[in-house]
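Following: one structure in structure tokens, then a few remarks.
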Number of protein chains: 2
Amino acid sequence: MARPPRTSLELPAVEESSALPYLAIRDYLAARIDSGEFPAGSRMPSERQLHEALGRNRGTIRDALLQLEGEGRIYRHSRSGWYVAGRRVRYDPTRAEGFMTYVAEQGRVPATQMLSAEKVPASAWVAERLGIRIGAPSYFIRRLRSIDARPVLVEHLYANATRLPGLLKHSLDVSLTEVLRREYDVTVARMQINMSPSLLSDVQAQALRVAPGTPGLYLTRRSFDADERVVEYNQEYWCHDVLDIHVNVTFTAEGTSKRKPALRG
Amino acid sequence: MARPPRTSLELPAVEESSALPYLAIRDYLAARIDSGEFPAGSRMPSERQLHEALGRNRGTIRDALLQLEGEGRIYRHSRSGWYVAGRRVRYDPTRAEGFMTYVAEQGRVPATQMLSAEKVPASAWVAERLGIRIGAPSYFIRRLRSIDARPVLVEHLYANATRLPGLLKHSLDVSLTEVLRREYDVTVARMQINMSPSLLSDVQAQALRVAPGTPGLYLTRRSFDADERVVEYNQEYWCHDVLDIHVNVTFTAEGTSKRKPALRG
DNA sequence: GAGTGGTCTAGACCACCTT
DNA sequence: AGGTGGTCTAGACCACTCA
């Protein structure tokens, strides 16, 4: 990854807005991010620079940076540095648009990189989720997605290979939903979505080039067609600071509800 | 909070399943949680006990514990100890049921405690969200909610006082939605929900009796009636390990979607 | 090869929770 | 009053990224 410029370090004393040193440093750095001194995407001063400049132990500096990371204000690129986070991307799981679409709509630059794609016999775990027999042919696709050149999620994609012959021959750098509709005339009629905040596991952290222990958001999606057959099963491992999830729900009658129809465009 | 029993410490050597000491300790503790040695709700051995028992520095022990916290396997009660987390509670934001209902349905014990309730002139921020004039009377209610005696979220509730006269006289320890329907004949027709993972701010952390810097989930909900008037505005600050969010979406036609009607019971 | 973050050690003091 | 986690210090070595 190209290393963005680092803002030079000139520091008025840390104002003791918080009694605790690490929170005072957090406030100080947050203020400089807000003021535009450290713009989104830029590199923060190194931990050792801050250590020298602010007269606090590197561990304390690190606590302040980890705090800002948890708040989603900065993120790190493992062993390269700390960077200022951009705005969160709005994501509405009840809409059909894919990653490439909604990211671009928000003025950001999405990108997809294939990590692996294979046809394998379904394990028990996969078979259950896809509603197929154990050992039946299935696809396993692993993709890395980025926003503004920052890797932000790893996607695992499982699908029934019997139903989608030759899927791996198509370009999978774009929206899978679109490939399914165009090439196989398969449309998603229903989705089961799960989300929970967690940490990125070692494997996913490595793919995203972040440290193990980086906070994440685990998102799962099971898509069904009109006949209630599973079309695909998705696992998405997101950096926790990337998404702002919006859901709009309309209730029609007592105890029932439906999503308000979304207007295109 | 009553202090649950602590499992006594007898330790076979840490198996070096991971090269890094703190991850090896994480694996070791996770295995003992899985095996039932440390059951949900019980207290973990203290950091100093683990330090002595495992022959690692307390800082390293702490890194392992923080890792497990991030994964949602354990949580801490500030300055009291580390505890084993229970199962996540399933929450479907597109359903109308309130906290007390869906928590109880899952065999857990929900509780609500009022922290404050006042009638105040709306600030600019509140006025915008409620769609009322700045300075118009509004309610501000702050509640603490628990599951199985563990505080898990702080709720801020804003409402239009002109429209709901005498609201504070009613019992607000239960579902507000129900009070609104029963006492004011107000029904929610639409909700705008926002979610993003973050850290608990100092104020909310204090109310939840957790350390500042504890990971959280920030959830916001704006409810409208059938005439598109705002009924209430909610802010919820959740401990990050409590929720498993489920959303079920049905697509009817190209570009539109609606939630599958939920059957009662 | 220089610089970065990632991890670890061995101490210390404090605020607070618990009993 | 004793024990807990929360914070801080001052070092150290390593794996890795980047130029």
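Identifiers for the structure tokens are assigned positionally: chains receive A, B, ... in sequence, residues are indexed from 1 per chain, and ligands are indexed from 1 in the order shown.
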
Both chains have the same sequence, so superpose chain B on chain A over all Cα atoms paired in order and return it as a PDB file with C-alpha atoms, in the first residue's frame.
ATOM      1  CA  MET B   1       0.013  -0.031   0.071  1.00  0.00           C
ATOM      2  CA  ALA B   2       1.372   3.344  -0.868  1.00  0.00           C
ATOM      3  CA  ARG B   3       2.206   5.369   2.176  1.00  0.00           C
ATOM      4  CA  PRO B   4       0.188   8.575   2.351  1.00  0.00           C
ATOM      5  CA  PRO B   5       1.910  11.728   3.524  1.00  0.00           C
ATOM      6  CA  ARG B   6       2.364  12.221   7.204  1.00  0.00           C
ATOM      7  CA  THR B   7       1.480  15.503   8.774  1.00  0.00           C
ATOM      8  CA  SER B   8       4.503  17.050  10.416  1.00  0.00           C
ATOM      9  CA  LEU B   9       4.445  17.277  14.150  1.00  0.00           C
ATOM     10  CA  GLU B  10       4.206  20.601  15.896  1.00  0.00           C
ATOM     11  CA  LEU B  11       2.544  20.465  19.185  1.00  0.00           C
ATOM     12  CA  PRO B  12       1.114  22.901  21.584  1.00  0.00           C
ATOM     13  CA  ALA B  13       0.917  21.354  25.024  1.00  0.00           C
ATOM     14  CA  VAL B  14      -1.773  18.776  25.548  1.00  0.00           C
ATOM     15  CA  GLU B  15      -4.673  20.463  27.238  1.00  0.00           C
ATOM     16  CA  GLU B  16      -5.724  18.508  30.245  1.00  0.00           C
ATOM     17  CA  SER B  17      -9.332  18.192  29.185  1.00  0.00           C
ATOM     18  CA  SER B  18      -9.373  14.761  30.816  1.00  0.00           C
ATOM     19  CA  ALA B  19      -7.672  13.871  34.049  1.00  0.00           C
ATOM     20  CA  LEU B  20      -6.295  10.623  32.654  1.00  0.00           C
ATOM     21  CA  PRO B  21      -3.228  11.138  30.486  1.00  0.00           C
ATOM     22  CA  TYR B  22      -4.282   8.675  27.810  1.00  0.00           C
ATOM     23  CA  LEU B  23      -7.691  10.300  27.496  1.00  0.00           C
ATOM     24  CA  ALA B  24      -6.141  13.746  27.401  1.00  0.00           C
ATOM     25  CA  ILE B  25      -3.979  12.581  24.494  1.00  0.00           C
ATOM     26  CA  ARG B  26      -7.027  11.052  22.851  1.00  0.00           C
ATOM     27  CA  ASP B  27      -8.852  14.364  23.129  1.00  0.00           C
ATOM     28  CA  TYR B  28      -5.848  16.208  21.813  1.00  0.00           C
ATOM     29  CA  LEU B  29      -5.472  13.974  18.757  1.00  0.00           C
ATOM     30  CA  ALA B  30      -9.217  13.914  18.143  1.00  0.00           C
ATOM     31  CA  ALA B  31      -9.282  17.705  18.158  1.00  0.00           C
ATOM     32  CA  ARG B  32      -6.489  17.830  15.584  1.00  0.00           C
ATOM     33  CA  ILE B  33      -8.365  15.370  13.395  1.00  0.00           C
ATOM     34  CA  ASP B  34     -11.518  17.465  13.691  1.00  0.00           C
ATOM     35  CA  SER B  35      -9.634  20.644  12.867  1.00  0.00           C
ATOM     36  CA  GLY B  36      -8.414  19.116   9.638  1.00  0.00           C
ATOM     37  CA  GLU B  37      -4.767  19.032  10.674  1.00  0.00           C
ATOM     38  CA  PHE B  38      -4.869  15.293  10.256  1.00  0.00           C
ATOM     39  CA  PRO B  39      -7.142  14.813   7.233  1.00  0.00           C
ATOM     40  CA  ALA B  40      -8.889  11.550   6.396  1.00  0.00           C
ATOM     41  CA  GLY B  41      -6.528   9.051   4.861  1.00  0.00           C
ATOM     42  CA  SER B  42      -3.386  10.711   6.156  1.00  0.00           C
ATOM     43  CA  ARG B  43      -0.889   9.014   8.396  1.00  0.00           C
ATOM     44  CA  MET B  44      -0.716   9.902  12.060  1.00  0.00           C
ATOM     45  CA  PRO B  45       2.638  10.705  13.634  1.00  0.00           C
ATOM     46  CA  SER B  46       4.360   7.531  14.749  1.00  0.00           C
ATOM     47  CA  GLU B  47       3.959   6.221  18.268  1.00  0.00           C
ATOM     48  CA  ARG B  48       7.572   7.075  19.030  1.00  0.00           C
ATOM     49  CA  GLN B  49       7.211  10.592  17.685  1.00  0.00           C
ATOM     50  CA  LEU B  50       4.178  11.155  19.864  1.00  0.00           C
ATOM     51  CA  HIS B  51       6.027   9.589  22.770  1.00  0.00           C
ATOM     52  CA  GLU B  52       8.887  12.084  22.415  1.00  0.00           C
ATOM     53  CA  ALA B  53       6.687  15.022  21.598  1.00  0.00           C
ATOM     54  CA  LEU B  54       4.108  14.550  24.319  1.00  0.00           C
ATOM     55  CA  GLY B  55       6.406  13.331  27.048  1.00  0.00           C
ATOM     56  CA  ARG B  56       4.365  10.253  27.771  1.00  0.00           C
ATOM     57  CA  ASN B  57       5.313   6.631  27.664  1.00  0.00           C
ATOM     58  CA  ARG B  58       4.763   4.845  24.403  1.00  0.00           C
ATOM     59  CA  GLY B  59       2.291   2.527  26.119  1.00  0.00           C
ATOM     60  CA  THR B  60       0.172   5.478  27.127  1.00  0.00           C
ATOM     61  CA  ILE B  61       0.336   6.892  23.610  1.00  0.00           C
ATOM     62  CA  ARG B  62      -0.774   3.509  22.351  1.00  0.00           C
ATOM     63  CA  ASP B  63      -3.723   3.426  24.731  1.00  0.00           C
ATOM     64  CA  ALA B  64      -4.857   6.756  23.305  1.00  0.00           C
ATOM     65  CA  LEU B  65      -4.507   5.469  19.754  1.00  0.00           C
ATOM     66  CA  LEU B  66      -6.351   2.254  20.552  1.00  0.00           C
ATOM     67  CA  GLN B  67      -9.120   4.327  22.061  1.00  0.00           C
ATOM     68  CA  LEU B  68      -9.441   6.341  18.862  1.00  0.00           C
ATOM     69  CA  GLU B  69      -9.382   3.121  16.872  1.00  0.00           C
ATOM     70  CA  GLY B  70     -12.226   1.748  18.945  1.00  0.00           C
ATOM     71  CA  GLU B  71     -14.192   4.906  18.269  1.00  0.00           C
ATOM     72  CA  GLY B  72     -13.597   4.421  14.567  1.00  0.00           C
ATOM     73  CA  ARG B  73     -11.643   7.664  14.173  1.00  0.00           C
ATOM     74  CA  ILE B  74      -8.379   6.073  13.095  1.00  0.00           C
ATOM     75  CA  TYR B  75      -7.285   2.650  11.907  1.00  0.00           C
ATOM     76  CA  ARG B  76      -4.013   0.895  11.439  1.00  0.00           C
ATOM     77  CA  HIS B  77      -2.298  -0.807   8.636  1.00  0.00           C
ATOM     78  CA  SER B  78      -0.307  -3.514  10.369  1.00  0.00           C
ATOM     79  CA  ARG B  79       3.284  -2.493  11.070  1.00  0.00           C
ATOM     80  CA  SER B  80       2.963   0.415   8.733  1.00  0.00           C
ATOM     81  CA  GLY B  81       1.209   3.051  10.760  1.00  0.00           C
ATOM     82  CA  TRP B  82      -1.956   4.661  12.019  1.00  0.00           C
ATOM     83  CA  TYR B  83      -4.242   6.429   9.577  1.00  0.00           C
ATOM     84  CA  VAL B  84      -7.189   8.759   9.875  1.00  0.00           C
ATOM     85  CA  ALA B  85     -10.459   7.025   9.025  1.00  0.00           C
ATOM     86  CA  GLY B  86     -12.879   8.449   6.471  1.00  0.00           C
ATOM     87  CA  ARG B  87     -16.608   8.798   6.880  1.00  0.00           C
ATOM     88  CA  ARG B  88     -18.551   5.622   7.452  1.00  0.00           C
ATOM     89  CA  VAL B  89     -20.330   4.183   4.452  1.00  0.00           C
ATOM     90  CA  ARG B  90     -24.081   3.909   4.720  1.00  0.00           C
ATOM     91  CA  TYR B  91     -25.338   0.386   4.179  1.00  0.00           C
ATOM     92  CA  ASP B  92     -28.938  -0.707   4.081  1.00  0.00           C
ATOM     93  CA  PRO B  93     -29.070  -4.510   4.214  1.00  0.00           C
ATOM     94  CA  THR B  94     -32.681  -4.470   3.054  1.00  0.00           C
ATOM     95  CA  ARG B  95     -31.755  -3.041  -0.306  1.00  0.00           C
ATOM     96  CA  ALA B  96     -30.669  -5.201  -3.186  1.00  0.00           C
ATOM     97  CA  GLU B  97     -27.728  -3.082  -4.323  1.00  0.00           C
ATOM     98  CA  GLY B  98     -24.301  -4.639  -4.099  1.00  0.00           C
ATOM     99  CA  PHE B  99     -21.129  -3.289  -2.523  1.00  0.00           C
ATOM    100  CA  MET B 100     -19.770  -1.796  -5.749  1.00  0.00           C
ATOM    101  CA  THR B 101     -22.971   0.172  -6.207  1.00  0.00           C
ATOM    102  CA  TYR B 102     -23.668   1.666  -2.847  1.00  0.00           C
ATOM    103  CA  VAL B 103     -20.056   2.540  -2.163  1.00  0.00           C
ATOM    104  CA  ALA B 104     -19.741   4.352  -5.487  1.00  0.00           C
ATOM    105  CA  GLU B 105     -23.054   6.135  -4.893  1.00  0.00           C
ATOM    106  CA  GLN B 106     -21.511   7.700  -1.822  1.00  0.00           C
ATOM    107  CA  GLY B 107     -18.590   9.133  -3.705  1.00  0.00           C
ATOM    108  CA  ARG B 108     -16.087   6.507  -2.608  1.00  0.00           C
ATOM    109  CA  VAL B 109     -14.019   4.198  -4.744  1.00  0.00           C
ATOM    110  CA  PRO B 110     -14.878   0.525  -4.274  1.00  0.00           C
ATOM    111  CA  ALA B 111     -12.645  -2.292  -5.459  1.00  0.00           C
ATOM    112  CA  THR B 112     -12.808  -6.069  -5.378  1.00  0.00           C
ATOM    113  CA  GLN B 113      -9.945  -8.500  -5.469  1.00  0.00           C
ATOM    114  CA  MET B 114     -10.382 -12.231  -5.804  1.00  0.00           C
ATOM    115  CA  LEU B 115      -8.369 -14.169  -3.280  1.00  0.00           C
ATOM    116  CA  SER B 116      -9.426 -17.682  -4.201  1.00  0.00           C
ATOM    117  CA  ALA B 117     -12.180 -19.502  -6.054  1.00  0.00           C
ATOM    118  CA  GLU B 118     -12.626 -23.233  -6.024  1.00  0.00           C
ATOM    119  CA  LYS B 119     -15.116 -25.992  -6.545  1.00  0.00           C
ATOM    120  CA  VAL B 120     -15.146 -28.341  -3.579  1.00  0.00           C
ATOM    121  CA  PRO B 121     -17.370 -31.055  -2.100  1.00  0.00           C
ATOM    122  CA  ALA B 122     -19.636 -29.495   0.509  1.00  0.00           C
ATOM    123  CA  SER B 123     -18.677 -30.031   4.125  1.00  0.00           C
ATOM    124  CA  ALA B 124     -21.417 -30.693   6.648  1.00  0.00           C
ATOM    125  CA  TRP B 125     -21.319 -27.041   7.656  1.00  0.00           C
ATOM    126  CA  VAL B 126     -21.646 -25.793   4.092  1.00  0.00           C
ATOM    127  CA  ALA B 127     -24.229 -28.406   3.122  1.00  0.00           C
ATOM    128  CA  GLU B 128     -26.490 -27.349   5.941  1.00  0.00           C
ATOM    129  CA  ARG B 129     -26.323 -23.692   4.991  1.00  0.00           C
ATOM    130  CA  LEU B 130     -26.846 -24.290   1.292  1.00  0.00           C
ATOM    131  CA  GLY B 131     -29.476 -26.946   1.774  1.00  0.00           C
ATOM    132  CA  ILE B 132     -27.574 -29.520  -0.281  1.00  0.00           C
ATOM    133  CA  ARG B 133     -26.171 -32.974   0.443  1.00  0.00           C
ATOM    134  CA  ILE B 134     -22.810 -33.393   2.154  1.00  0.00           C
ATOM    135  CA  GLY B 135     -20.189 -33.953  -0.537  1.00  0.00           C
ATOM    136  CA  ALA B 136     -22.245 -32.343  -3.298  1.00  0.00           C
ATOM    137  CA  PRO B 137     -20.231 -29.912  -5.443  1.00  0.00           C
ATOM    138  CA  SER B 138     -20.088 -26.384  -4.100  1.00  0.00           C
ATOM    139  CA  TYR B 139     -18.197 -23.194  -4.787  1.00  0.00           C
ATOM    140  CA  PHE B 140     -16.061 -21.433  -2.270  1.00  0.00           C
ATOM    141  CA  ILE B 141     -15.000 -17.945  -3.261  1.00  0.00           C
ATOM    142  CA  ARG B 142     -12.934 -15.602  -1.171  1.00  0.00           C
ATOM    143  CA  ARG B 143     -12.749 -11.922  -2.030  1.00  0.00           C
ATOM    144  CA  LEU B 144     -11.111  -8.849  -0.571  1.00  0.00           C
ATOM    145  CA  ARG B 145     -12.963  -5.582  -0.931  1.00  0.00           C
ATOM    146  CA  SER B 146     -11.554  -2.102  -0.553  1.00  0.00           C
ATOM    147  CA  ILE B 147     -12.824   1.416  -0.249  1.00  0.00           C
ATOM    148  CA  ASP B 148     -10.538   4.229  -1.393  1.00  0.00           C
ATOM    149  CA  ALA B 149      -7.688   1.709  -1.618  1.00  0.00           C
ATOM    150  CA  ARG B 150      -8.117   0.601   2.000  1.00  0.00           C
ATOM    151  CA  PRO B 151      -9.029  -3.076   2.421  1.00  0.00           C
ATOM    152  CA  VAL B 152     -12.170  -3.079   4.526  1.00  0.00           C
ATOM    153  CA  LEU B 153     -13.706  -6.521   4.302  1.00  0.00           C
ATOM    154  CA  VAL B 154     -13.102 -10.140   3.468  1.00  0.00           C
ATOM    155  CA  GLU B 155     -15.992 -12.005   1.925  1.00  0.00           C
ATOM    156  CA  HIS B 156     -16.555 -15.748   1.897  1.00  0.00           C
ATOM    157  CA  LEU B 157     -19.078 -16.895  -0.625  1.00  0.00           C
ATOM    158  CA  TYR B 158     -20.630 -20.343  -0.807  1.00  0.00           C
ATOM    159  CA  ALA B 159     -22.929 -21.534  -3.585  1.00  0.00           C
ATOM    160  CA  ASN B 160     -24.480 -24.651  -5.021  1.00  0.00           C
ATOM    161  CA  ALA B 161     -22.267 -25.706  -7.953  1.00  0.00           C
ATOM    162  CA  THR B 162     -24.851 -28.026  -9.450  1.00  0.00           C
ATOM    163  CA  ARG B 163     -27.212 -25.147  -9.887  1.00  0.00           C
ATOM    164  CA  LEU B 164     -24.672 -22.673 -11.193  1.00  0.00           C
ATOM    165  CA  PRO B 165     -22.449 -24.594 -13.633  1.00  0.00           C
ATOM    166  CA  GLY B 166     -19.393 -22.744 -14.829  1.00  0.00           C
ATOM    167  CA  LEU B 167     -19.786 -19.896 -12.360  1.00  0.00           C
ATOM    168  CA  LEU B 168     -16.047 -19.578 -11.858  1.00  0.00           C
ATOM    169  CA  LYS B 169     -15.567 -18.815 -15.549  1.00  0.00           C
ATOM    170  CA  HIS B 170     -17.398 -15.533 -15.211  1.00  0.00           C
ATOM    171  CA  SER B 171     -15.801 -12.381 -13.959  1.00  0.00           C
ATOM    172  CA  LEU B 172     -16.402 -12.319 -10.236  1.00  0.00           C
ATOM    173  CA  ASP B 173     -14.767  -8.996  -9.573  1.00  0.00           C
ATOM    174  CA  VAL B 174     -18.136  -7.331  -9.837  1.00  0.00           C
ATOM    175  CA  SER B 175     -21.504  -7.941  -8.302  1.00  0.00           C
ATOM    176  CA  LEU B 176     -22.300 -11.618  -7.925  1.00  0.00           C
ATOM    177  CA  THR B 177     -25.999 -10.841  -7.788  1.00  0.00           C
ATOM    178  CA  GLU B 178     -25.781  -9.401 -11.258  1.00  0.00           C
ATOM    179  CA  VAL B 179     -23.887 -12.398 -12.635  1.00  0.00           C
ATOM    180  CA  LEU B 180     -26.527 -14.678 -11.185  1.00  0.00           C
ATOM    181  CA  ARG B 181     -29.368 -12.789 -12.781  1.00  0.00           C
ATOM    182  CA  ARG B 182     -27.725 -12.234 -16.130  1.00  0.00           C
ATOM    183  CA  GLU B 183     -26.118 -15.632 -16.641  1.00  0.00           C
ATOM    184  CA  TYR B 184     -28.383 -17.959 -14.715  1.00  0.00           C
ATOM    185  CA  ASP B 185     -31.658 -16.064 -14.470  1.00  0.00           C
ATOM    186  CA  VAL B 186     -31.554 -16.505 -10.717  1.00  0.00           C
ATOM    187  CA  THR B 187     -33.096 -13.744  -8.613  1.00  0.00           C
ATOM    188  CA  VAL B 188     -32.962 -13.307  -4.881  1.00  0.00           C
ATOM    189  CA  ALA B 189     -36.405 -13.201  -3.325  1.00  0.00           C
ATOM    190  CA  ARG B 190     -35.503 -13.262   0.350  1.00  0.00           C
ATOM    191  CA  MET B 191     -32.465 -12.724   2.535  1.00  0.00           C
ATOM    192  CA  GLN B 192     -31.622 -13.730   6.080  1.00  0.00           C
ATOM    193  CA  ILE B 193     -29.057 -11.327   7.490  1.00  0.00           C
ATOM    194  CA  ASN B 194     -27.083 -11.639  10.712  1.00  0.00           C
ATOM    195  CA  MET B 195     -24.732  -9.142  12.261  1.00  0.00           C
ATOM    196  CA  SER B 196     -22.620  -9.070  15.361  1.00  0.00           C
ATOM    197  CA  PRO B 197     -19.669  -6.983  16.458  1.00  0.00           C
ATOM    198  CA  SER B 198     -16.582  -9.043  17.189  1.00  0.00           C
ATOM    199  CA  LEU B 199     -12.853  -9.149  16.521  1.00  0.00           C
ATOM    200  CA  LEU B 200     -11.309 -10.101  13.230  1.00  0.00           C
ATOM    201  CA  SER B 201      -9.918 -13.605  13.433  1.00  0.00           C
ATOM    202  CA  ASP B 202      -6.262 -14.115  12.596  1.00  0.00           C
ATOM    203  CA  VAL B 203      -6.942 -15.345   9.076  1.00  0.00           C
ATOM    204  CA  GLN B 204      -9.170 -12.442   8.113  1.00  0.00           C
ATOM    205  CA  ALA B 205      -6.932  -9.927   9.845  1.00  0.00           C
ATOM    206  CA  GLN B 206      -4.018 -11.175   7.807  1.00  0.00           C
ATOM    207  CA  ALA B 207      -5.922 -10.789   4.550  1.00  0.00           C
ATOM    208  CA  LEU B 208      -6.891  -7.253   5.543  1.00  0.00           C
ATOM    209  CA  ARG B 209      -3.296  -6.548   6.625  1.00  0.00           C
ATOM    210  CA  VAL B 210      -4.348  -5.474  10.051  1.00  0.00           C
ATOM    211  CA  ALA B 211      -3.234  -6.697  13.433  1.00  0.00           C
ATOM    212  CA  PRO B 212      -4.998  -9.647  15.020  1.00  0.00           C
ATOM    213  CA  GLY B 213      -7.321  -8.195  17.587  1.00  0.00           C
ATOM    214  CA  THR B 214      -8.562  -5.435  15.333  1.00  0.00           C
ATOM    215  CA  PRO B 215     -12.254  -4.868  16.012  1.00  0.00           C
ATOM    216  CA  GLY B 216     -14.606  -6.133  13.331  1.00  0.00           C
ATOM    217  CA  LEU B 217     -18.192  -6.653  12.340  1.00  0.00           C
ATOM    218  CA  TYR B 218     -19.269 -10.127  11.334  1.00  0.00           C
ATOM    219  CA  LEU B 219     -22.065 -10.137   8.801  1.00  0.00           C
ATOM    220  CA  THR B 220     -23.785 -13.169   7.357  1.00  0.00           C
ATOM    221  CA  ARG B 221     -26.298 -13.335   4.550  1.00  0.00           C
ATOM    222  CA  ARG B 222     -28.351 -16.242   3.257  1.00  0.00           C
ATOM    223  CA  SER B 223     -30.166 -15.581  -0.017  1.00  0.00           C
ATOM    224  CA  PHE B 224     -33.175 -17.548  -1.219  1.00  0.00           C
ATOM    225  CA  ASP B 225     -34.927 -17.578  -4.577  1.00  0.00           C
ATOM    226  CA  ALA B 226     -38.694 -17.451  -5.022  1.00  0.00           C
ATOM    227  CA  ASP B 227     -38.900 -21.221  -4.433  1.00  0.00           C
ATOM    228  CA  GLU B 228     -37.122 -20.888  -1.089  1.00  0.00           C
ATOM    229  CA  ARG B 229     -34.010 -22.599  -2.371  1.00  0.00           C
ATOM    230  CA  VAL B 230     -30.731 -21.189  -1.098  1.00  0.00           C
ATOM    231  CA  VAL B 231     -28.981 -19.192  -3.799  1.00  0.00           C
ATOM    232  CA  GLU B 232     -25.829 -18.366  -1.896  1.00  0.00           C
ATOM    233  CA  TYR B 233     -24.410 -18.045   1.562  1.00  0.00           C
ATOM    234  CA  ASN B 234     -22.177 -15.119   2.456  1.00  0.00           C
ATOM    235  CA  GLN B 235     -19.829 -14.392   5.315  1.00  0.00           C
ATOM    236  CA  GLU B 236     -18.441 -10.887   5.526  1.00  0.00           C
ATOM    237  CA  TYR B 237     -15.696  -9.798   7.897  1.00  0.00           C
ATOM    238  CA  TRP B 238     -15.712  -6.019   8.063  1.00  0.00           C
ATOM    239  CA  CYS B 239     -13.427  -3.567   9.773  1.00  0.00           C
ATOM    240  CA  HIS B 240     -15.681  -2.252  12.508  1.00  0.00           C
ATOM    241  CA  ASP B 241     -15.303   1.414  11.680  1.00  0.00           C
ATOM    242  CA  VAL B 242     -16.426   1.262   8.054  1.00  0.00           C
ATOM    243  CA  LEU B 243     -20.168   0.779   8.175  1.00  0.00           C
ATOM    244  CA  ASP B 244     -23.081   2.834   9.308  1.00  0.00           C
ATOM    245  CA  ILE B 245     -26.043   0.522   9.038  1.00  0.00           C
ATOM    246  CA  HIS B 246     -29.409   2.001   8.148  1.00  0.00           C
ATOM    247  CA  VAL B 247     -32.643   0.086   8.187  1.00  0.00           C
ATOM    248  CA  ASN B 248     -36.003   1.538   7.359  1.00  0.00           C
ATOM    249  CA  VAL B 249     -39.041  -0.418   8.488  1.00  0.00           C
ATOM    250  CA  THR B 250     -42.707   0.140   7.830  1.00  0.00           C
ATOM    251  CA  PHE B 251     -45.331  -1.489   9.990  1.00  0.00           C
ATOM    252  CA  THR B 252     -48.582  -2.250   8.265  1.00  0.00           C
ATOM    253  CA  ALA B 253     -50.696  -3.822  10.965  1.00  0.00           C
ATOM    254  CA  GLU B 254     -50.442  -5.169  14.476  1.00  0.00           C
ATOM    255  CA  GLY B 255     -47.437  -7.444  14.717  1.00  0.00           C
ATOM    256  CA  THR B 256     -46.579  -7.388  11.087  1.00  0.00           C
ATOM    257  CA  SER B 257     -44.245  -5.112   9.238  1.00  0.00           C
ATOM    258  CA  LYS B 258     -42.713  -4.629   5.912  1.00  0.00           C
ATOM    259  CA  ARG B 259     -39.900  -2.604   4.508  1.00  0.00           C
ATOM    260  CA  LYS B 260     -40.872   0.565   2.774  1.00  0.00           C
ATOM    261  CA  PRO B 261     -40.400   0.046  -0.952  1.00  0.00           C
ATOM    262  CA  ALA B 262     -37.184   1.706  -2.024  1.00  0.00           C
ATOM    263  CA  LEU B 263     -37.331   3.999  -4.976  1.00  0.00           C
ATOM    264  CA  ARG B 264     -34.601   3.496  -7.529  1.00  0.00           C
ATOM    265  CA  GLY B 265     -32.015   6.223  -7.856  1.00  0.00           C
TER     266      GLY B 265
END

- Query: When the cut-off is 12 Å and we count only C-alpha atoms (C1' of nucleotides), which residues of chain D are near chain A, given as number ranges by chain?
  - Reply: D: 6-11, 14-19

Keeping only C-alpha atoms (C1' of nucleotides), write those residues as a JSON list (two decimals), in the first residue's frame.
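File selection00.json, as written:
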[["chain", "number", "residue", "atom", "x", "y", "z"],
["D", 6, "DG", "C1'", -7.20, 0.72, 35.51],
["D", 7, "DT", "C1'", -3.33, 3.19, 34.41],
["D", 8, "DC", "C1'", 1.43, 4.39, 33.94],
["D", 9, "DT", "C1'", 6.64, 3.92, 33.51],
["D", 10, "DA", "C1'", 11.00, 2.51, 31.26],
["D", 11, "DG", "C1'", 12.89, -0.37, 29.24],
["D", 14, "DC", "C1'", 11.08, -8.91, 17.06],
["D", 15, "DA", "C1'", 8.58, -9.19, 12.46],
["D", 16, "DC", "C1'", 7.39, -6.72, 9.22],
["D", 17, "DT", "C1'", 6.78, -2.67, 5.78],
["D", 18, "DC", "C1'", 8.64, 0.57, 2.98],
["D", 19, "DA", "C1'", 11.90, 3.20, 0.49]]

- Enumerate the residues of region 29-213 of chain B with a DSSP assignment of helix (DSSP H, G or I), computed from the backbone, and present them as number ranges by chain. B: 29-34, 47-54, 58-70, 99-105, 124-130, 167-169, 176-184, 202-208

- Item | chain C residues near chain A (8 Å cut-off, only C-alpha atoms (C1' of nucleotides)) as a PyMOL selection string | chain C and resi 4-6

- Task: Could you please determine the separation between C1' of DA1 (chain D) and C1' of DA10 (chain C) in Å, to one decimal place?
- Result: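 Atom-to-atom, C1' of DA1 (chain D) and C1' of DA10 (chain C) are spaced 26.3 Å apart.
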
- Message: Quick check for you: according to DSSP on this backbone, which residues of region 91-147 of chain B are classed as strand (DSSP E or B)? Reply as a list in words.
- Response: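 Answer for region 91-147 of chain B restricted to strand (DSSP E or B) is Tyr91, Pro110, Ala111, Thr112, Gln113, Met114, Leu115, Ser116, Ala117, Glu118, Lys119, Val120, Pro121, Pro137, Ser138, Tyr139, Phe140, Ile141, Arg142, Arg143, Leu144, Arg145, Ser146 and Ile147 of chain B.
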